[in-house]
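Listing of input22.txt; format and content: compact mmCIF, C-alpha atoms.
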# COMPACT_ATOMS: atom_id res chain seq x y z
CA MET A 1 0.00 0.00 0.00
CA SER A 2 1.45 3.33 -1.03
CA ASP A 3 1.77 6.24 1.41
CA VAL A 4 0.47 4.48 4.47
CA THR A 5 0.53 7.64 6.59
CA GLY A 6 -1.50 9.55 4.03
CA HIS A 7 -4.08 6.79 3.87
CA GLY A 8 -4.47 6.94 7.63
CA ASP A 9 -4.97 10.70 7.65
CA HIS A 10 -7.63 10.64 4.94
CA SER A 11 -9.27 7.56 6.40
CA ALA A 12 -9.69 9.38 9.71
CA VAL A 13 -11.43 12.26 7.94
CA VAL A 14 -13.77 9.87 6.11
CA GLU A 15 -14.69 8.04 9.31
CA ARG A 16 -15.24 11.31 11.16
CA GLN A 17 -17.53 12.56 8.39
CA PHE A 18 -19.56 9.38 7.89
CA GLY A 19 -19.44 7.29 11.03
CA GLY A 20 -21.85 9.38 13.02
CA GLN A 21 -24.24 9.67 10.09
CA ALA A 22 -24.56 5.98 9.23
CA ALA A 23 -28.25 5.76 10.14
CA ALA A 24 -29.02 8.86 8.06
CA TYR A 25 -27.51 7.19 5.00
CA LEU A 26 -29.56 4.05 5.55
CA SER A 27 -32.77 6.12 5.37
CA SER A 28 -31.57 8.49 2.61
CA GLN A 29 -33.86 8.25 -0.43
CA VAL A 30 -31.04 9.42 -2.72
CA HIS A 31 -29.03 6.37 -1.66
CA ALA A 32 -31.88 3.89 -1.30
CA GLN A 33 -33.47 4.54 -4.70
CA GLY A 34 -32.24 4.89 -8.27
CA GLU A 35 -32.96 3.55 -11.73
CA GLU A 36 -29.46 2.06 -11.80
CA PHE A 37 -30.63 -0.58 -9.32
CA ALA A 38 -32.89 -2.13 -11.94
CA GLN A 39 -29.95 -2.34 -14.37
CA LEU A 40 -27.73 -3.84 -11.70
CA HIS A 41 -30.32 -6.38 -10.64
CA GLU A 42 -30.96 -7.43 -14.24
CA ARG A 43 -27.27 -7.93 -15.01
CA VAL A 44 -26.40 -9.73 -11.80
CA ALA A 45 -29.42 -12.02 -12.26
CA ARG A 46 -27.67 -13.48 -15.31
CA ILE A 47 -24.93 -14.92 -13.08
CA ASP A 48 -25.65 -18.12 -11.20
CA ALA A 49 -25.31 -17.69 -7.42
CA PRO A 50 -22.63 -14.97 -7.65
CA ARG A 51 -20.25 -13.86 -4.95
CA VAL A 52 -20.56 -10.07 -4.81
CA LEU A 53 -18.28 -7.37 -3.40
CA ASP A 54 -20.09 -4.16 -2.45
CA LEU A 55 -17.04 -1.89 -2.47
CA GLY A 56 -17.47 1.17 -0.28
CA CYS A 57 -20.87 -0.11 0.73
CA GLY A 58 -21.92 2.83 2.88
CA ALA A 59 -25.28 1.96 4.43
CA GLY A 60 -25.53 -1.21 2.31
CA HIS A 61 -28.12 -0.30 -0.31
CA VAL A 62 -26.40 -2.25 -3.11
CA SER A 63 -26.03 -5.26 -0.82
CA PHE A 64 -29.72 -5.20 0.06
CA GLN A 65 -30.76 -4.81 -3.58
CA LEU A 66 -28.74 -7.85 -4.67
CA ALA A 67 -29.17 -10.10 -1.63
CA ASP A 68 -31.89 -12.18 -3.25
CA LEU A 69 -29.58 -13.04 -6.16
CA ALA A 70 -26.26 -13.75 -4.49
CA ALA A 71 -24.73 -16.74 -2.78
CA GLU A 72 -22.71 -14.29 -0.68
CA ILE A 73 -22.32 -10.52 -0.51
CA VAL A 74 -19.34 -8.91 1.18
CA ALA A 75 -20.25 -5.39 2.30
CA TYR A 76 -16.88 -3.63 2.52
CA ASP A 77 -16.31 -0.14 3.90
CA LEU A 78 -13.83 2.03 5.74
CA SER A 79 -16.30 2.99 8.48
CA PRO A 80 -16.93 0.49 11.28
CA ARG A 81 -20.07 2.40 12.27
CA MET A 82 -21.45 2.18 8.73
CA LEU A 83 -20.77 -1.56 8.75
CA ALA A 84 -22.56 -1.94 12.08
CA VAL A 85 -25.66 -0.34 10.54
CA VAL A 86 -25.40 -2.66 7.52
CA GLY A 87 -25.04 -5.73 9.71
CA GLU A 88 -28.03 -4.80 11.86
CA ALA A 89 -30.21 -3.96 8.86
CA ALA A 90 -29.26 -7.21 7.12
CA ILE A 91 -30.40 -9.21 10.15
CA GLU A 92 -33.64 -7.22 10.40
CA ARG A 93 -34.37 -7.86 6.71
CA GLY A 94 -33.53 -11.55 6.91
CA PHE A 95 -30.45 -11.43 4.68
CA ASN A 96 -28.12 -14.04 6.16
CA ASN A 97 -25.85 -14.04 3.09
CA ILE A 98 -24.43 -10.55 3.77
CA ARG A 99 -21.24 -10.24 5.78
CA THR A 100 -19.29 -7.09 6.57
CA VAL A 101 -15.55 -6.48 6.26
CA GLN A 102 -13.74 -3.26 7.23
CA GLY A 103 -10.89 -1.75 5.23
CA ILE A 104 -9.81 0.71 2.56
CA ALA A 105 -10.51 0.46 -1.16
CA GLU A 106 -6.82 0.67 -2.04
CA SER A 107 -5.92 -2.54 -0.19
CA LEU A 108 -8.53 -5.29 -0.38
CA PRO A 109 -8.06 -8.27 1.98
CA PHE A 110 -9.37 -10.76 -0.57
CA ALA A 111 -7.79 -13.37 -2.81
CA ASP A 112 -7.25 -12.84 -6.53
CA ASP A 113 -10.18 -13.81 -8.77
CA SER A 114 -12.55 -14.27 -5.82
CA PHE A 115 -15.68 -12.30 -6.82
CA ASP A 116 -18.11 -12.69 -9.70
CA VAL A 117 -19.31 -9.11 -9.25
CA VAL A 118 -17.61 -5.98 -7.90
CA CYS A 119 -19.90 -2.99 -7.51
CA SER A 120 -19.18 0.46 -6.12
CA ARG A 121 -21.89 3.12 -5.76
CA PHE A 122 -21.30 6.68 -4.50
CA SER A 123 -17.94 5.72 -3.00
CA ALA A 124 -15.14 6.39 -5.52
CA HIS A 125 -15.14 10.15 -4.98
CA HIS A 126 -13.84 9.46 -1.45
CA TRP A 127 -10.96 7.19 -2.51
CA ARG A 128 -7.56 8.69 -1.93
CA ASP A 129 -6.00 6.77 -4.84
CA VAL A 130 -8.69 5.81 -7.34
CA GLY A 131 -6.20 4.16 -9.71
CA LEU A 132 -4.91 1.82 -7.01
CA ALA A 133 -8.45 1.03 -5.85
CA LEU A 134 -9.51 0.14 -9.40
CA ARG A 135 -6.48 -2.13 -9.80
CA GLU A 136 -7.49 -3.86 -6.58
CA ALA A 137 -11.04 -4.22 -7.88
CA ARG A 138 -9.67 -5.86 -11.03
CA ARG A 139 -7.41 -8.16 -9.00
CA VAL A 140 -10.24 -9.62 -6.92
CA LEU A 141 -12.69 -9.88 -9.86
CA LYS A 142 -12.90 -13.21 -11.64
CA PRO A 143 -12.04 -13.28 -15.36
CA GLY A 144 -15.25 -12.51 -17.21
CA GLY A 145 -16.75 -11.02 -14.07
CA LEU A 146 -18.98 -7.96 -13.86
CA ALA A 147 -17.77 -4.61 -12.49
CA ALA A 148 -20.07 -1.64 -11.96
CA PHE A 149 -19.01 1.83 -10.89
CA ILE A 150 -21.74 4.34 -10.10
CA ASP A 151 -20.92 7.84 -8.91
CA VAL A 152 -21.58 11.53 -9.24
CA SER A 153 -19.88 12.65 -12.44
CA ALA A 154 -17.94 15.84 -13.03
CA SER A 155 -18.27 17.86 -16.21
CA GLU A 156 -15.68 17.88 -18.98
CA GLN A 157 -16.05 21.69 -18.87
CA PRO A 158 -13.57 23.28 -16.40
CA LEU A 159 -16.03 25.94 -15.22
CA PHE A 160 -18.70 23.40 -14.25
CA ASP A 161 -16.09 21.00 -12.88
CA SER A 162 -14.63 23.65 -10.56
CA PHE A 163 -18.06 24.58 -9.24
CA LEU A 164 -19.01 20.97 -8.46
CA GLN A 165 -15.73 20.09 -6.73
CA THR A 166 -15.93 23.26 -4.64
CA VAL A 167 -19.44 22.70 -3.31
CA GLU A 168 -18.64 19.03 -2.69
CA MET A 169 -15.57 19.90 -0.60
CA LEU A 170 -17.37 22.65 1.31
CA ARG A 171 -20.14 20.22 2.19
CA ASP A 172 -17.87 17.26 2.98
CA THR A 173 -14.15 17.57 3.77
CA SER A 174 -13.62 13.87 2.99
CA HIS A 175 -14.44 14.55 -0.67
CA VAL A 176 -11.52 13.86 -3.03
CA ARG A 177 -12.87 14.24 -6.55
CA ASP A 178 -15.86 13.59 -8.78
CA TYR A 179 -14.37 12.27 -12.02
CA ALA A 180 -15.51 13.20 -15.51
CA PRO A 181 -16.53 10.38 -17.89
CA SER A 182 -13.24 10.70 -19.79
CA GLU A 183 -11.29 10.37 -16.54
CA TRP A 184 -13.28 7.30 -15.57
CA ALA A 185 -12.65 5.69 -18.97
CA GLN A 186 -8.92 6.39 -18.71
CA ARG A 187 -8.54 5.12 -15.16
CA VAL A 188 -10.61 1.99 -15.70
CA GLY A 189 -8.50 1.15 -18.75
CA GLU A 190 -5.24 1.84 -16.94
CA ALA A 191 -6.38 -0.50 -14.17
CA GLY A 192 -6.68 -3.33 -16.69
CA LEU A 193 -10.45 -3.47 -16.81
CA VAL A 194 -12.37 -3.34 -20.08
CA MET A 195 -15.22 -0.84 -20.12
CA THR A 196 -18.24 -2.34 -21.85
CA SER A 197 -20.70 0.56 -21.61
CA SER A 198 -21.57 3.70 -19.68
CA SER A 199 -24.57 5.97 -19.34
CA ARG A 200 -25.44 9.28 -17.73
CA GLN A 201 -28.30 9.94 -15.33
CA ARG A 202 -29.39 13.16 -13.68
CA LEU A 203 -29.54 13.28 -9.90
CA ARG A 204 -31.65 15.88 -8.08
CA LEU A 205 -30.37 16.85 -4.62
CA ASP A 206 -32.60 18.57 -2.09
CA PHE A 207 -30.31 21.13 -0.47
CA GLU A 208 -31.49 20.86 3.13
CA THR A 209 -31.39 17.06 3.33
CA TRP A 210 -28.08 17.02 1.40
CA ILE A 211 -26.58 19.34 4.01
CA GLU A 212 -28.20 17.71 7.04
CA ARG A 213 -27.07 14.24 5.99
CA MET A 214 -23.43 15.35 6.31
CA ARG A 215 -24.00 17.70 9.28
CA THR A 216 -22.21 20.41 7.31
CA PRO A 217 -21.20 23.35 9.56
CA ASP A 218 -23.17 26.55 9.04
CA VAL A 219 -20.13 28.45 7.80
CA MET A 220 -19.66 25.89 5.01
CA ARG A 221 -23.39 25.79 4.26
CA ASP A 222 -23.45 29.57 3.95
CA ALA A 223 -20.40 29.48 1.68
CA ILE A 224 -22.15 27.06 -0.68
CA ARG A 225 -25.26 29.25 -0.82
CA HIS A 226 -23.13 32.35 -1.42
CA LEU A 227 -21.28 30.59 -4.23
CA GLN A 228 -24.53 29.39 -5.79
CA ARG A 229 -25.82 32.96 -5.87
CA ASP A 230 -22.58 34.50 -7.18
CA VAL A 231 -21.81 32.14 -10.08
CA GLY A 232 -22.82 33.01 -13.62
CA GLN A 233 -26.16 32.09 -15.10
CA GLU A 234 -24.63 29.35 -17.24
CA VAL A 235 -23.52 27.52 -14.08
CA ARG A 236 -26.92 28.04 -12.47
CA ASP A 237 -28.57 26.65 -15.59
CA ALA A 238 -26.21 23.66 -15.89
CA PHE A 239 -26.92 22.58 -12.32
CA GLU A 240 -30.56 23.71 -12.31
CA ILE A 241 -29.97 25.59 -9.06
CA SER A 242 -33.22 26.50 -7.32
CA ASP A 243 -33.81 29.44 -5.00
CA ASP A 244 -33.61 27.10 -2.01
CA GLY A 245 -30.20 25.76 -3.10
CA SER A 246 -31.41 22.41 -4.42
CA PHE A 247 -29.62 21.40 -7.60
CA THR A 248 -29.14 18.66 -10.18
CA THR A 249 -25.89 17.00 -11.10
CA ASP A 250 -24.76 14.24 -13.44
CA MET A 251 -24.29 10.66 -12.37
CA LEU A 252 -22.27 8.07 -14.29
CA VAL A 253 -23.12 4.37 -14.47
CA LEU A 254 -20.13 2.49 -15.90
CA TRP A 255 -19.95 -1.22 -16.67
CA ALA A 256 -16.69 -3.12 -17.12
CA THR A 257 -15.26 -6.61 -17.11
CA LYS A 258 -12.00 -8.45 -16.61
CA GLU A 259 -10.90 -10.27 -19.74
CA HIS A 260 -9.82 -13.88 -19.68
CA VAL A 261 -6.06 -14.22 -20.03
Please express what this file holds, its structure, as structure tokens.
Amino acid sequence: MSDVTGHGDHSAVVERQFGGQAAAYLSSQVHAQGEEFAQLHERVARIDAPRVLDLGCGAGHVSFQLADLAAEIVAYDLSPRMLAVVGEAAIERGFNNIRTVQGIAESLPFADDSFDVVCSRFSAHHWRDVGLALREARRVLKPGGLAAFIDVSASEQPLFDSFLQTVEMLRDTSHVRDYAPSEWAQRVGEAGLVMTSSSRQRLRLDFETWIERMRTPDVMRDAIRHLQRDVGQEVRDAFEISDDGSFTTDMLVLWATKEHV
């Protein structure tokens, strides 16, 4: 693992930001719902009794969506408190094939070629080293296996990109980067995965619940609102910024596989 000290520092920030909010993420409609779930369910259903890695599982929504299809799901996350919520919810929902494992995305404690499916949803923008994490995802994926990466997507336009990264960081200091589609394609390829398709969705974020979910300090909240009001009309139009601060951003759904050697 590269830069062990750095990983520890960033990991502490991520746990501080998310650990105390685990229950809020379990009940978050943004995280619990999405048309991408239907795509994921349909594709995973083609695989007989798959072993699934939910990479950066958060409150476990991917795990819960796929539990009826999988022989085993490993819900993997940096935050022990998130994993505790996942474990409790899995028991409550009768999913005895979900187990939790704690760790970072850049160093997976799993054997090579050990998962039929690797899926990551709304997690990659927190990874300190996305290239290393993607190489790890490839390593643990079986040849011919299914990989799915779902995340907020940055714009290819620098003006829109700068705005998105700024409001993300102000809201959540554990944010690293939302990647543009071209960046995703490049990094997935460099990791040795073969991208098979990708699509864009639009994601509407209610400002107050978006802020409350992360317990963003008032000074940061006010800075976001000030920035939203001060940017040019083209930025306001691109993100469909409402008077109450709610806005819409892009989301990327990317599918990839690991070729047989």
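Of the listed residues A:Ile47, A:Cys119, A:Leu141, A:Leu227, the one whose atoms come nearest to Thr166 (chain A) is A:Leu227, with distances taken using only C-alpha atoms.
Counting from CA of Pro181 (chain A), the distance to CA of Gln201 (chain A) is 12.1 Å.
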Q: Take CA of Pro109 (chain A) and CA of Ala59 (chain A) and report the distance between them in Å, one decimal.
A: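 According to the coordinates, CA of Pro109 (chain A) and CA of Ala59 (chain A) are separated by 20.2 Å.
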Q: Can you work out the spacing between CA of Ile98 (chain A) and CA of Val74 (chain A) in Å, to one decimal?
A: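 Interatomic distance here is 5.9 Å.
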Proximity of region 135-207 of chain A to region 33-44 of chain A: per-residue shortest pair, 9 Å limit, only C-alpha atoms, as CSV:
residue,atom,partner,partner_atom,distance
A:Leu146,CA,A:Val44,CA,7.9
A:Ala148,CA,A:Leu40,CA,8.0
A:Ile150,CA,A:Glu36,CA,8.2
A:Gln201,CA,A:Glu35,CA,8.7
A:Leu203,CA,A:Gly34,CA,9.0
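Residue neighbourhood of Val219 (chain A), excluding near-sequence residues (fewer than 3 positions): Leu170, Arg171, Thr216, Asp222, Ala223 and Ile224 of chain A, at 10 Å, using only C-alpha atoms.
If you measure from each of A:Trp184, A:Tyr76, A:Phe163, A:Trp127 to Arg229 (chain A) using all atoms listed in the file, the closest one turns out to be A:Phe163.
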Q | Close residues, Ala105 (chain A) itself excluded, 12 Å, all atoms listed in the file, min 3 positions apart in chain, as a ChimeraX atom specification | A | /A:1,7,11,53-57,75-79,101-102,108-110,118-120,123-138,140
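Remark: for Asp250 (chain A), the closest of the candidate residues A:Val194, A:Ala45, A:Ala180, A:Val62 is A:Ala180 (distances computed over only C-alpha atoms).
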**Q.** Selection near Thr257 (chain A), 7 Å with all atoms listed in the file, sequence-local residues under 5 positions removed, as a PyMOL selection string
**A.** chain A and resi 144-147+193-195
Hey, can you spit out that residue selection with C-alpha atoms as a PDB file, in the coordinates of the input?
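File part_26.pdb, as written:
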ATOM      1  CA  GLY A 144     -15.250 -12.510 -17.210  1.00  0.00           C
ATOM      2  CA  GLY A 145     -16.750 -11.020 -14.070  1.00  0.00           C
ATOM      3  CA  LEU A 146     -18.980  -7.960 -13.860  1.00  0.00           C
ATOM      4  CA  ALA A 147     -17.770  -4.610 -12.490  1.00  0.00           C
ATOM      5  CA  LEU A 193     -10.450  -3.470 -16.810  1.00  0.00           C
ATOM      6  CA  VAL A 194     -12.370  -3.340 -20.080  1.00  0.00           C
ATOM      7  CA  MET A 195     -15.220  -0.840 -20.120  1.00  0.00           C
TER       8      MET A 195
END
Per-axis box centre and lengths in Å around region 34-40 of chain A, 3 Å margin per side, axis-aligned, as lines of an AutoDock Vina configuration file:
center_x = -30.3
center_y = 0.5
center_z = -11.3
size_x = 11.2
size_y = 14.7
size_z = 12.1
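Nearest to Ser199 (chain A) of all the residues A:Val52, A:Leu254, A:Leu66, A:Ala71 is A:Leu254, based on all atoms listed in the file.
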